[in-house]
Structure formats: structure tokens, C-alpha cells
file coords_34.txt (compact mmCIF, C-alpha atoms)
# COMPACT_ATOMS: atom_id res chain seq x y z
CA MET A 1 256.65 123.13 148.25
CA ASP A 2 253.28 121.69 148.64
CA GLY A 3 251.94 125.21 148.23
CA ASP A 4 253.94 125.65 145.03
CA LEU A 5 252.67 122.33 143.73
CA HIS A 6 249.13 123.28 144.57
CA ASP A 7 249.53 126.64 142.88
CA SER A 8 251.04 124.99 139.81
CA THR A 9 248.24 122.51 139.59
CA ARG A 10 245.66 125.25 139.94
CA ARG A 11 247.31 127.34 137.25
CA THR A 12 247.59 124.47 134.81
CA ALA A 13 244.04 123.16 135.30
CA PRO A 14 242.14 123.13 132.01
CA ILE A 15 239.49 125.78 131.52
CA ARG A 16 236.06 124.27 131.01
CA PRO A 17 233.92 125.46 128.16
CA ALA A 18 231.00 127.75 128.90
CA SER A 19 228.52 124.96 128.31
CA GLU A 20 230.12 122.96 131.13
CA ARG A 21 230.25 125.72 133.72
CA ARG A 22 227.98 125.53 136.71
CA ASP A 23 226.25 128.31 138.55
CA VAL A 24 226.11 128.50 142.29
CA ARG A 25 223.30 125.97 142.32
CA GLY A 26 225.27 123.48 140.23
CA THR A 27 223.07 123.75 137.12
CA HIS A 28 224.69 123.64 133.71
CA PHE A 29 224.24 126.61 131.35
CA ARG A 30 223.37 125.16 127.96
CA PRO A 31 222.91 127.78 125.28
CA ILE A 32 219.99 127.00 122.99
CA PRO A 33 221.25 126.66 119.44
CA VAL A 34 219.64 128.97 116.91
CA HIS A 35 218.93 127.37 113.57
CA HIS A 36 218.20 129.32 110.43
CA SER A 37 215.51 126.81 109.55
CA MET A 38 213.44 127.94 112.54
CA ASN A 39 213.40 131.52 111.27
CA THR A 40 212.48 130.26 107.84
CA VAL A 41 209.55 128.22 109.11
CA THR A 42 208.33 131.06 111.30
CA HIS A 43 208.05 133.57 108.46
CA ARG A 44 206.83 131.23 105.77
CA HIS A 45 203.17 131.55 104.68
CA SER A 46 201.46 128.68 103.01
CA PRO A 47 199.27 129.38 99.97
CA GLY A 48 196.36 127.72 101.72
CA GLY A 49 196.65 130.17 104.58
CA ASP A 50 196.60 133.16 102.22
CA GLN A 51 193.48 131.86 100.50
CA GLY A 52 191.77 131.23 103.81
CA GLU A 53 192.59 134.74 105.03
CA GLN A 54 191.33 136.22 101.75
CA LYS A 55 188.08 134.27 101.98
CA THR A 56 187.63 135.46 105.56
CA GLN A 57 188.10 139.08 104.48
CA GLU A 58 185.65 138.62 101.61
CA GLY A 59 183.14 137.05 103.98
CA ASN A 60 183.47 139.96 106.41
CA CYS A 61 183.04 142.44 103.54
CA ALA A 62 179.93 140.62 102.31
CA SER A 63 178.49 140.56 105.83
CA SER A 64 179.12 144.29 106.19
CA GLN A 65 177.41 145.01 102.87
CA SER A 66 174.44 142.82 103.83
CA LEU A 67 174.14 144.68 107.13
CA ARG A 68 174.19 148.08 105.42
CA HIS A 69 171.62 146.86 102.88
CA ALA A 70 169.31 145.61 105.64
CA ILE A 71 169.62 148.92 107.53
CA ARG A 72 168.83 150.88 104.34
CA ILE A 73 165.78 148.72 103.60
CA ASN A 74 164.46 149.13 107.15
CA LEU A 75 164.96 152.90 107.07
CA ILE A 76 163.12 153.19 103.75
CA ARG A 77 160.27 151.01 105.03
CA SER A 78 160.00 153.05 108.23
CA LEU A 79 159.86 156.25 106.18
CA ASP A 80 157.15 154.75 103.95
CA ILE A 81 154.96 153.81 106.92
CA PHE A 82 155.40 157.18 108.61
CA ILE A 83 154.53 159.19 105.48
CA ALA A 84 151.65 156.89 104.51
CA LEU A 85 150.02 157.10 107.93
CA THR A 86 150.48 160.87 108.07
CA LEU A 87 149.00 161.43 104.62
CA PHE A 88 146.17 159.01 105.27
CA VAL A 89 145.06 160.98 108.32
CA LEU A 90 145.43 164.33 106.52
CA THR A 91 143.69 163.28 103.30
CA LEU A 92 140.93 161.07 104.72
CA PRO A 93 138.27 163.82 104.44
CA LEU A 94 139.43 164.54 100.87
CA MET A 95 139.25 160.85 99.93
CA ILE A 96 135.68 160.67 101.25
CA LEU A 97 134.71 163.64 99.07
CA ILE A 98 136.45 162.12 96.04
CA GLY A 99 134.58 158.86 96.60
CA ILE A 100 131.26 160.73 96.55
CA PHE A 101 132.38 162.63 93.44
CA VAL A 102 133.24 159.39 91.61
CA PHE A 103 129.92 157.78 92.42
CA ILE A 104 127.94 160.82 91.30
CA SER A 105 129.96 161.23 88.09
CA ASP A 106 129.62 157.59 87.05
CA PRO A 107 127.59 155.37 89.39
CA GLY A 108 129.42 152.16 90.16
CA PRO A 109 132.48 151.00 92.09
CA ILE A 110 134.46 153.84 93.65
CA LEU A 111 137.80 152.06 93.64
CA PHE A 112 139.53 150.27 90.79
CA ALA A 113 141.93 147.41 91.59
CA HIS A 114 144.32 146.75 88.72
CA LYS A 115 146.59 143.70 88.69
CA ARG A 116 150.25 144.77 88.54
CA VAL A 117 153.67 143.13 88.74
CA GLY A 118 155.53 143.93 91.94
CA TYR A 119 158.54 143.01 94.02
CA GLN A 120 160.20 139.70 93.04
CA GLY A 121 157.72 139.38 90.17
CA LYS A 122 154.76 138.82 92.49
CA HIS A 123 151.38 140.19 91.46
CA PHE A 124 149.36 142.60 93.55
CA TYR A 125 146.29 144.76 93.06
CA CYS A 126 147.14 148.44 92.69
CA LEU A 127 144.31 150.62 94.04
CA LYS A 128 143.03 153.80 92.42
CA PHE A 129 139.92 155.90 92.39
CA ARG A 130 138.03 154.80 89.31
CA THR A 131 138.41 157.35 86.50
CA MET A 132 137.06 155.24 83.61
CA ALA A 133 133.67 153.96 82.62
CA ARG A 134 132.70 150.55 83.93
CA ASP A 135 132.94 149.02 80.45
CA ALA A 136 136.38 150.56 79.80
CA GLU A 137 138.04 147.31 78.68
CA GLN A 138 135.40 146.64 76.07
CA ARG A 139 135.58 150.23 74.84
CA LEU A 140 139.35 149.96 74.46
CA HIS A 141 139.07 146.70 72.55
CA ASP A 142 136.54 148.12 70.12
CA LEU A 143 138.48 151.36 69.74
CA LEU A 144 141.81 149.70 68.92
CA LEU A 145 140.14 147.23 66.60
CA ASN A 146 138.59 149.94 64.44
CA ASN A 147 141.25 152.67 64.63
CA PRO A 148 144.79 151.78 63.43
CA GLU A 149 146.25 155.15 64.49
CA LEU A 150 145.07 154.78 68.06
CA ARG A 151 146.23 151.17 68.03
CA ASP A 152 149.74 152.29 67.08
CA GLU A 153 149.69 154.95 69.82
CA TRP A 154 148.62 152.35 72.36
CA ASN A 155 151.27 149.86 71.26
CA LEU A 156 153.94 152.55 71.53
CA ASN A 157 153.15 153.98 74.97
CA GLN A 158 150.42 151.77 76.48
CA LYS A 159 148.44 155.00 76.85
CA LEU A 160 146.15 157.23 74.81
CA GLU A 161 146.48 161.00 74.87
CA HIS A 162 142.73 161.44 74.50
CA ASP A 163 141.33 158.35 76.14
CA PRO A 164 137.59 157.96 75.42
CA ARG A 165 137.25 155.51 78.30
CA VAL A 166 137.64 158.30 80.89
CA TYR A 167 134.31 159.67 82.14
CA ARG A 168 133.65 163.38 82.68
CA GLY A 169 135.44 164.41 85.87
CA GLY A 170 137.90 161.53 85.64
CA ASN A 171 140.39 163.71 83.80
CA PHE A 172 140.51 166.08 86.76
CA LEU A 173 141.39 163.25 89.13
CA ARG A 174 144.14 162.14 86.78
CA MET A 175 145.58 165.61 86.23
CA SER A 176 145.68 166.26 89.97
CA SER A 177 146.94 162.71 90.77
CA PHE A 178 144.13 162.44 93.33
CA ASP A 179 143.17 159.14 91.74
CA GLU A 180 146.33 157.59 93.25
CA LEU A 181 145.56 158.42 96.89
CA PRO A 182 144.19 154.89 97.61
CA GLN A 183 147.68 153.58 96.92
CA LEU A 184 148.51 154.69 100.46
CA PHE A 185 146.89 151.38 101.43
CA ASN A 186 149.26 149.56 99.07
CA VAL A 187 152.20 151.22 100.80
CA LEU A 188 150.93 150.29 104.27
CA ARG A 189 150.38 146.70 103.14
CA GLY A 190 153.92 146.52 101.79
CA ASP A 191 152.94 146.02 98.14
CA MET A 192 154.50 149.33 97.16
CA SER A 193 156.96 151.93 98.37
CA PHE A 194 156.58 155.69 98.16
CA VAL A 195 159.48 155.84 95.72
CA GLY A 196 160.22 153.19 93.13
CA PRO A 197 159.79 152.17 89.51
CA ARG A 198 156.42 152.64 87.86
CA PRO A 199 154.22 149.56 88.52
CA ILE A 200 153.71 147.66 85.27
CA VAL A 201 151.16 145.16 84.01
CA GLU A 202 151.84 141.65 82.73
CA ASN A 203 151.94 142.50 79.03
CA GLU A 204 154.64 145.15 79.63
CA ILE A 205 157.21 142.60 80.83
CA PRO A 206 158.61 141.86 77.33
CA ARG A 207 159.34 145.56 76.87
CA TYR A 208 161.75 145.44 79.80
CA GLY A 209 163.69 142.53 78.27
CA HIS A 210 166.58 141.35 80.46
CA TYR A 211 166.06 144.42 82.68
CA PHE A 212 162.89 142.86 84.09
CA SER A 213 164.91 141.12 86.84
CA THR A 214 166.31 144.54 87.81
CA TYR A 215 162.77 145.93 88.00
CA CYS A 216 161.74 143.07 90.29
CA GLY A 217 164.58 143.86 92.71
CA VAL A 218 162.66 146.67 94.44
CA LYS A 219 159.05 147.53 95.20
CA PRO A 220 157.19 149.72 92.70
CA GLY A 221 156.46 153.22 93.91
CA LEU A 222 153.84 155.96 93.95
CA THR A 223 156.47 158.29 92.59
CA GLY A 224 159.91 157.99 91.06
CA LEU A 225 162.22 159.25 88.37
CA TRP A 226 159.55 158.79 85.70
CA GLN A 227 156.96 160.80 87.62
CA VAL A 228 159.25 163.78 88.21
CA SER A 229 160.74 163.71 84.69
CA GLY A 230 157.70 164.40 82.58
CA ARG A 231 155.64 161.21 83.00
CA ASN A 232 153.62 160.84 79.80
CA ASN A 233 155.86 163.28 77.95
CA THR A 234 158.62 160.65 77.91
CA SER A 235 159.00 157.63 75.64
CA TYR A 236 158.53 154.11 76.91
CA ARG A 237 162.22 153.37 76.41
CA GLN A 238 163.07 156.35 78.60
CA ARG A 239 160.71 155.06 81.28
CA VAL A 240 162.51 151.71 81.35
CA ALA A 241 165.90 153.44 81.50
CA MET A 242 164.77 155.60 84.44
CA ASP A 243 163.35 152.59 86.29
CA VAL A 244 166.60 150.66 85.84
CA HIS A 245 168.67 153.66 86.94
CA TYR A 246 166.64 154.01 90.12
CA CYS A 247 166.83 150.29 90.95
CA ARG A 248 170.61 150.33 90.62
CA ASN A 249 171.13 153.53 92.60
CA ARG A 250 168.45 153.27 95.26
CA SER A 251 169.25 155.02 98.52
CA LEU A 252 167.50 156.89 101.31
CA ARG A 253 168.96 160.18 100.06
CA LEU A 254 167.66 159.58 96.53
CA ASN A 255 164.22 158.69 97.88
CA VAL A 256 164.01 161.91 99.89
CA LYS A 257 165.15 163.93 96.88
CA LEU A 258 162.49 162.38 94.62
CA LEU A 259 159.79 162.92 97.24
CA VAL A 260 160.67 166.62 97.38
CA LEU A 261 160.68 166.89 93.56
CA THR A 262 157.28 165.18 93.41
CA ILE A 263 155.55 168.11 95.14
CA PRO A 264 156.03 170.68 92.31
CA SER A 265 155.44 167.97 89.69
CA VAL A 266 152.01 167.21 91.17
CA LEU A 267 151.11 170.86 91.71
CA MET A 268 151.99 171.74 88.11
CA ALA A 269 150.44 168.51 86.75
CA LYS A 270 153.70 167.94 84.89
CA GLY A 271 153.16 165.38 82.13
CA SER A 272 149.94 163.99 83.63
CA ARG A 273 146.93 163.01 81.57
call {"tool": "encode", "arguments": {"input": "coords_34.txt", "output": "C-alpha cells"}}
result
Amino acid sequence: MDGDLHDSTRRTAPIRPASERRDVRGTHFRPIPVHHSMNTVTHRHSPGGDQGEQKTQEGNCASSQSLRHAIRINLIRSLDIFIALTLFVLTLPLMILIGIFVFISDPGPILFAHKRVGYQGKHFYCLKFRTMARDAEQRLHDLLLNNPELRDEWNLNQKLEHDPRVYRGGNFLRMSSFDELPQLFNVLRGDMSFVGPRPIVENEIPRYGHYFSTYCGVKPGLTGLWQVSGRNNTSYRQRVAMDVHYCRNRSLRLNVKLLVLTIPSVLMAKGSR
């Protein structure tokens, strides 16, 4: 009877819920409730977070572009120094002979340092073998004052096709571009690059208009789009357009291409005078 009572009691004992059951160690199992709000908070993105992430991506992009720009500038500068040193060694005997030729043709200074506008609008002295008479500036002033046609030609192109200031023998140096060999020193000093826009003088700045800031963004060069595209056979407006195009598309590949194109241009004296 006692056994039956015990069995009855055991059968009729209430079943405890799962949360009240104990394991062998006597610890309650308490399921962690899952709330929909937790999922909502986990996947929600605040607008401030999106903006911060976007700014971070933009900053990384800007840093990457700055790094590529710095690498490109250093490669171009290294190429300039290498070519300038190589040509200086190879042409040194020729430059000595040209110096003697200049002095014999027109006794006076061998080199001519002309003030030009360079990188970031800073002035520098562009070196050339002197191809004009020592009183060239006075000759030009008198010539333009008394000859309206030549004055119009000068105002249009800042050059004269038949320049009376050039002494005998100076035309040869200009046609061959030998007069520009001293600009190797400008390249080594960092005033100029081998490839770049044509170096201009102060009174040419207004002709560039709002493109002058673009011109000042790179160093002027010994050669460039203007030099391989006809030089003096082009209009001044075309020169400005070519300078601006180069400044906006400057690259190591373009520089190498223009250097290669310069060789036949110099040999054929294309557009030089």
C-alpha cells in the first residue's frame, strides 16, 4: 500500500517548467530571451557613422593620390638629373667651342641670363648662349618705335621673323638650338625640367589670363608640346593651349614621348628661328 501511495504520488507530481529544471550540478537552465529590439539596434546605422566612414574613404583616396603624385614628381626629377648630367658630360667640349665662337663673332658676354617666370610664379634666370648684340634691347626699342609693321608682329607673337638684333652666326645657334645648351644648368639647379611649358617673361602673363595659375603648377621645360609642334610656326594662342594641355596631363610617359619627338624636331630645325 505504501508502495502504491508512493507510486501515485510520484505519478501525480507536477512537472516543472524547463526554466526550473536543474542539471546534475543543481544549476538552473535559464534561456536568454531574444528581443527583436536587439536585432534592430545591431543592424541600424546612424547617419553620423555613414558620414564618418565616407570621410575616411575620401581621406584614404586623397592620401593615395598624393602618394602617386609624389612618386611621379620624384621619378621625373630623377630622370631630369640623369639626362642633364649625361648631356653635360657629352656636350661639354661642344659648349666650350660654342663659347669661343660667340666671343669671336661678337666680343662680349658669352652667356645671356634672361629673367623668366617659373614654378609657382617665382622668377629665375634662364641661361642661353648669347645670340644677340649687346645693345639688343635698345635696338628693339628703336625698331618698334619707328616701324609699325614690326611692332604689330612683335605684339602678336613676341618674336620677329627677321630679328635685326641677332648678330652674324647667332642665327645658326638658334636654328640648331645649341644656344639652349646652358639650360642644362637650370635643370640641375631645379629651375626647369627637361619637359614642360615654354618659359615666359613677365609681360606675357596677361596673355595667359586665368590659365596662368595652371602654367605655374609645373616647372618650365627645355622642350615640350610647343617645341615639337612647330614652335614659331604656331600662334601665341596655340602655344598657351599646348602649355595648358601639358600641365593638365603631365606624366612620365608623356615626358618620355616628348623627349623622343624632340630629337627629329631639333635635327630638322622644325619651326626654329
call {"tool": "atom_distance", "arguments": {"input": "coords_34.txt", "atom1": "atom CA of A:Arg168", "atom2": "atom CA of A:Arg139"}}
result
15.4 Å
call {"tool": "atom_distance", "arguments": {"input": "coords_34.txt", "atom1": "atom CA of A:Pro199", "atom2": "atom CA of A:Pro220"}}
result
5.1 Å
call {"tool": "atom_distance", "arguments": {"input": "coords_34.txt", "atom1": "atom CA of A:Arg174", "atom2": "atom CA of A:Lys128"}}
result
10.1 Å
call {"tool": "closest_residue", "arguments": {"input": "coords_34.txt", "among": "A:Gly224, A:Gly108, A:Gly118, A:Gly209", "to": "A:Asp135", "atoms": "only C-alpha atoms"}}
result
A:Gly108
call {"tool": "residues_around", "arguments": {"input": "coords_34.txt", "residues": "A:Leu140", "least_positions_apart": "6", "cutoff": "10 Å", "atoms": "all atoms listed in the file", "output": "short mmCIF file (atom, residue, chain, number, x, y, z; two decimals) with C-alpha atoms, in the frame of the given file"}}
result
data_model
loop_
_atom_site.label_atom_id
_atom_site.label_comp_id
_atom_site.auth_asym_id
_atom_site.auth_seq_id
_atom_site.Cartn_x
_atom_site.Cartn_y
_atom_site.Cartn_z
CA LEU A 150 145.07 154.78 68.06
CA ARG A 151 146.23 151.17 68.03
CA TRP A 154 148.62 152.35 72.36
CA LEU A 160 146.15 157.23 74.81
CA ASP A 163 141.33 158.35 76.14
CA PRO A 164 137.59 157.96 75.42
CA ARG A 165 137.25 155.51 78.30
#
call {"tool": "residues_around", "arguments": {"input": "coords_34.txt", "residues": "A:Val260", "least_positions_apart": "3", "cutoff": "12 Å", "atoms": "only C-alpha atoms", "output": "count of residues only"}}
result
17
call {"tool": "residues_around", "arguments": {"input": "coords_34.txt", "residues": "A:Ser235", "least_positions_apart": "4", "cutoff": "9 Å", "atoms": "only C-alpha atoms", "output": "JSON list (two decimals) with C-alpha atoms, in the frame of the given file"}}
result
[["chain", "number", "residue", "atom", "x", "y", "z"],
["A", 156, "LEU", "CA", 153.94, 152.55, 71.53],
["A", 157, "ASN", "CA", 153.15, 153.98, 74.97],
["A", 231, "ARG", "CA", 155.64, 161.21, 83.00],
["A", 239, "ARG", "CA", 160.71, 155.06, 81.28],
["A", 240, "VAL", "CA", 162.51, 151.71, 81.35]]
call {"tool": "residues_around", "arguments": {"input": "coords_34.txt", "residues": "A:Glu153", "least_positions_apart": "6", "cutoff": "12 Å", "atoms": "all atoms listed in the file", "output": "MDAnalysis selection string"}}
result
chainID A and resid 143:144 147 159:163 235:236
call {"tool": "residues_around", "arguments": {"input": "coords_34.txt", "residues": "A:Leu222", "least_positions_apart": "6", "cutoff": "9 Å", "atoms": "all atoms listed in the file", "output": "ChimeraX atom specification"}}
result
/A:180,183-184,187,192-199
call {"tool": "decode", "arguments": {"input": "coords_34.txt", "residues": "stretch 152-267 of chain A", "atoms": "C-alpha atoms", "output": "tab-separated table (two decimals), in the first residue's frame"}}
result
chain	number	residue	atom	x	y	z
A	152	ASP	CA	52.38	94.60	-84.71
A	153	GLU	CA	54.37	91.42	-85.39
A	154	TRP	CA	56.07	91.71	-82.02
A	155	ASN	CA	52.82	92.35	-80.18
A	156	LEU	CA	51.26	89.31	-81.85
A	157	ASN	CA	53.98	86.71	-81.25
A	158	GLN	CA	56.61	88.36	-79.02
A	159	LYS	CA	59.07	87.45	-81.77
A	160	LEU	CA	60.35	88.81	-85.07
A	161	GLU	CA	60.84	86.58	-88.08
A	162	HIS	CA	63.85	88.59	-89.22
A	163	ASP	CA	65.27	89.92	-85.99
A	164	PRO	CA	67.93	92.60	-86.63
A	165	ARG	CA	69.23	92.21	-83.09
A	166	VAL	CA	70.80	88.81	-83.90
A	167	TYR	CA	74.48	89.04	-84.84
A	168	ARG	CA	76.03	87.05	-87.69
A	169	GLY	CA	76.40	83.45	-86.52
A	170	GLY	CA	73.68	83.83	-83.90
A	171	ASN	CA	71.07	82.54	-86.33
A	172	PHE	CA	72.98	79.27	-86.64
A	173	LEU	CA	72.92	78.77	-82.87
A	174	ARG	CA	69.20	79.42	-82.84
A	175	MET	CA	68.39	77.17	-85.77
A	176	SER	CA	70.38	74.31	-84.24
A	177	SER	CA	69.06	75.01	-80.69
A	178	PHE	CA	72.68	74.99	-79.49
A	179	ASP	CA	72.01	78.30	-77.79
A	180	GLU	CA	69.86	76.46	-75.21
A	181	LEU	CA	72.56	74.04	-74.02
A	182	PRO	CA	73.38	76.19	-70.92
A	183	GLN	CA	69.86	75.48	-69.70
A	184	LEU	CA	71.23	72.13	-68.55
A	185	PHE	CA	72.44	74.14	-65.53
A	186	ASN	CA	68.89	75.39	-64.97
A	187	VAL	CA	67.67	71.79	-64.94
A	188	LEU	CA	70.34	70.70	-62.46
A	189	ARG	CA	69.52	73.65	-60.22
A	190	GLY	CA	65.84	72.74	-60.27
A	191	ASP	CA	64.66	75.92	-62.02
A	192	MET	CA	63.49	73.96	-65.04
A	193	SER	CA	62.58	70.47	-66.14
A	194	PHE	CA	63.52	68.79	-69.40
A	195	VAL	CA	59.87	68.76	-70.43
A	196	GLY	CA	57.39	71.47	-69.56
A	197	PRO	CA	55.66	74.61	-70.78
A	198	ARG	CA	57.70	77.25	-72.58
A	199	PRO	CA	59.28	79.64	-70.01
A	200	ILE	CA	57.65	83.05	-70.31
A	201	VAL	CA	58.62	86.58	-69.33
A	202	GLU	CA	56.71	88.93	-67.05
A	203	ASN	CA	54.87	90.85	-69.77
A	204	GLU	CA	53.45	87.60	-71.20
A	205	ILE	CA	51.44	86.80	-68.06
A	206	PRO	CA	48.31	88.74	-69.16
A	207	ARG	CA	48.18	86.67	-72.35
A	208	TYR	CA	47.68	83.53	-70.28
A	209	GLY	CA	44.71	85.05	-68.43
A	210	HIS	CA	43.21	82.71	-65.82
A	211	TYR	CA	45.40	79.89	-67.20
A	212	PHE	CA	48.46	81.49	-65.62
A	213	SER	CA	47.87	79.55	-62.38
A	214	THR	CA	47.88	76.34	-64.45
A	215	TYR	CA	51.19	77.36	-66.03
A	216	CYS	CA	52.68	77.94	-62.57
A	217	GLY	CA	51.73	74.42	-61.46
A	218	VAL	CA	54.77	72.81	-63.11
A	219	LYS	CA	58.34	73.77	-63.95
A	220	PRO	CA	59.01	75.24	-67.40
A	221	GLY	CA	60.93	72.96	-69.73
A	222	LEU	CA	63.65	72.86	-72.35
A	223	THR	CA	61.22	71.10	-74.61
A	224	GLY	CA	57.50	70.42	-74.68
A	225	LEU	CA	54.42	70.28	-76.85
A	226	TRP	CA	55.17	73.70	-78.34
A	227	GLN	CA	58.72	72.75	-79.33
A	228	VAL	CA	57.69	69.55	-81.12
A	229	SER	CA	54.61	71.09	-82.76
A	230	GLY	CA	56.17	73.73	-84.95
A	231	ARG	CA	57.49	76.26	-82.41
A	232	ASN	CA	57.43	79.63	-84.16
A	233	ASN	CA	55.08	78.33	-86.85
A	234	THR	CA	52.25	78.29	-84.29
A	235	SER	CA	50.17	81.20	-83.00
A	236	TYR	CA	50.54	82.50	-79.48
A	237	ARG	CA	47.07	81.25	-78.58
A	238	GLN	CA	48.08	77.77	-79.70
A	239	ARG	CA	51.18	77.96	-77.53
A	240	VAL	CA	49.07	78.76	-74.47
A	241	ALA	CA	46.67	75.92	-75.29
A	242	MET	CA	49.56	73.44	-75.62
A	243	ASP	CA	51.11	74.60	-72.35
A	244	VAL	CA	47.80	74.20	-70.52
A	245	HIS	CA	47.23	70.76	-72.07
A	246	TYR	CA	50.64	69.57	-70.91
A	247	CYS	CA	50.20	70.93	-67.37
A	248	ARG	CA	46.88	69.10	-67.02
A	249	ASN	CA	48.10	65.81	-68.48
A	250	ARG	CA	51.67	65.64	-67.22
A	251	SER	CA	53.04	62.15	-66.74
A	252	LEU	CA	56.30	60.26	-67.02
A	253	ARG	CA	55.08	58.54	-70.18
A	254	LEU	CA	54.21	61.86	-71.82
A	255	ASN	CA	57.60	63.28	-70.87
A	256	VAL	CA	59.45	60.36	-72.44
A	257	LYS	CA	57.32	60.64	-75.58
A	258	LEU	CA	58.06	64.37	-75.95
A	259	LEU	CA	61.77	63.81	-75.36
A	260	VAL	CA	61.83	61.27	-78.20
A	261	LEU	CA	59.89	63.62	-80.51
A	262	THR	CA	62.31	66.44	-79.70
A	263	ILE	CA	65.21	64.67	-81.43
A	264	PRO	CA	63.84	64.89	-85.03
A	265	SER	CA	62.45	68.37	-84.32
A	266	VAL	CA	65.92	69.64	-83.40
A	267	LEU	CA	67.66	67.81	-86.25
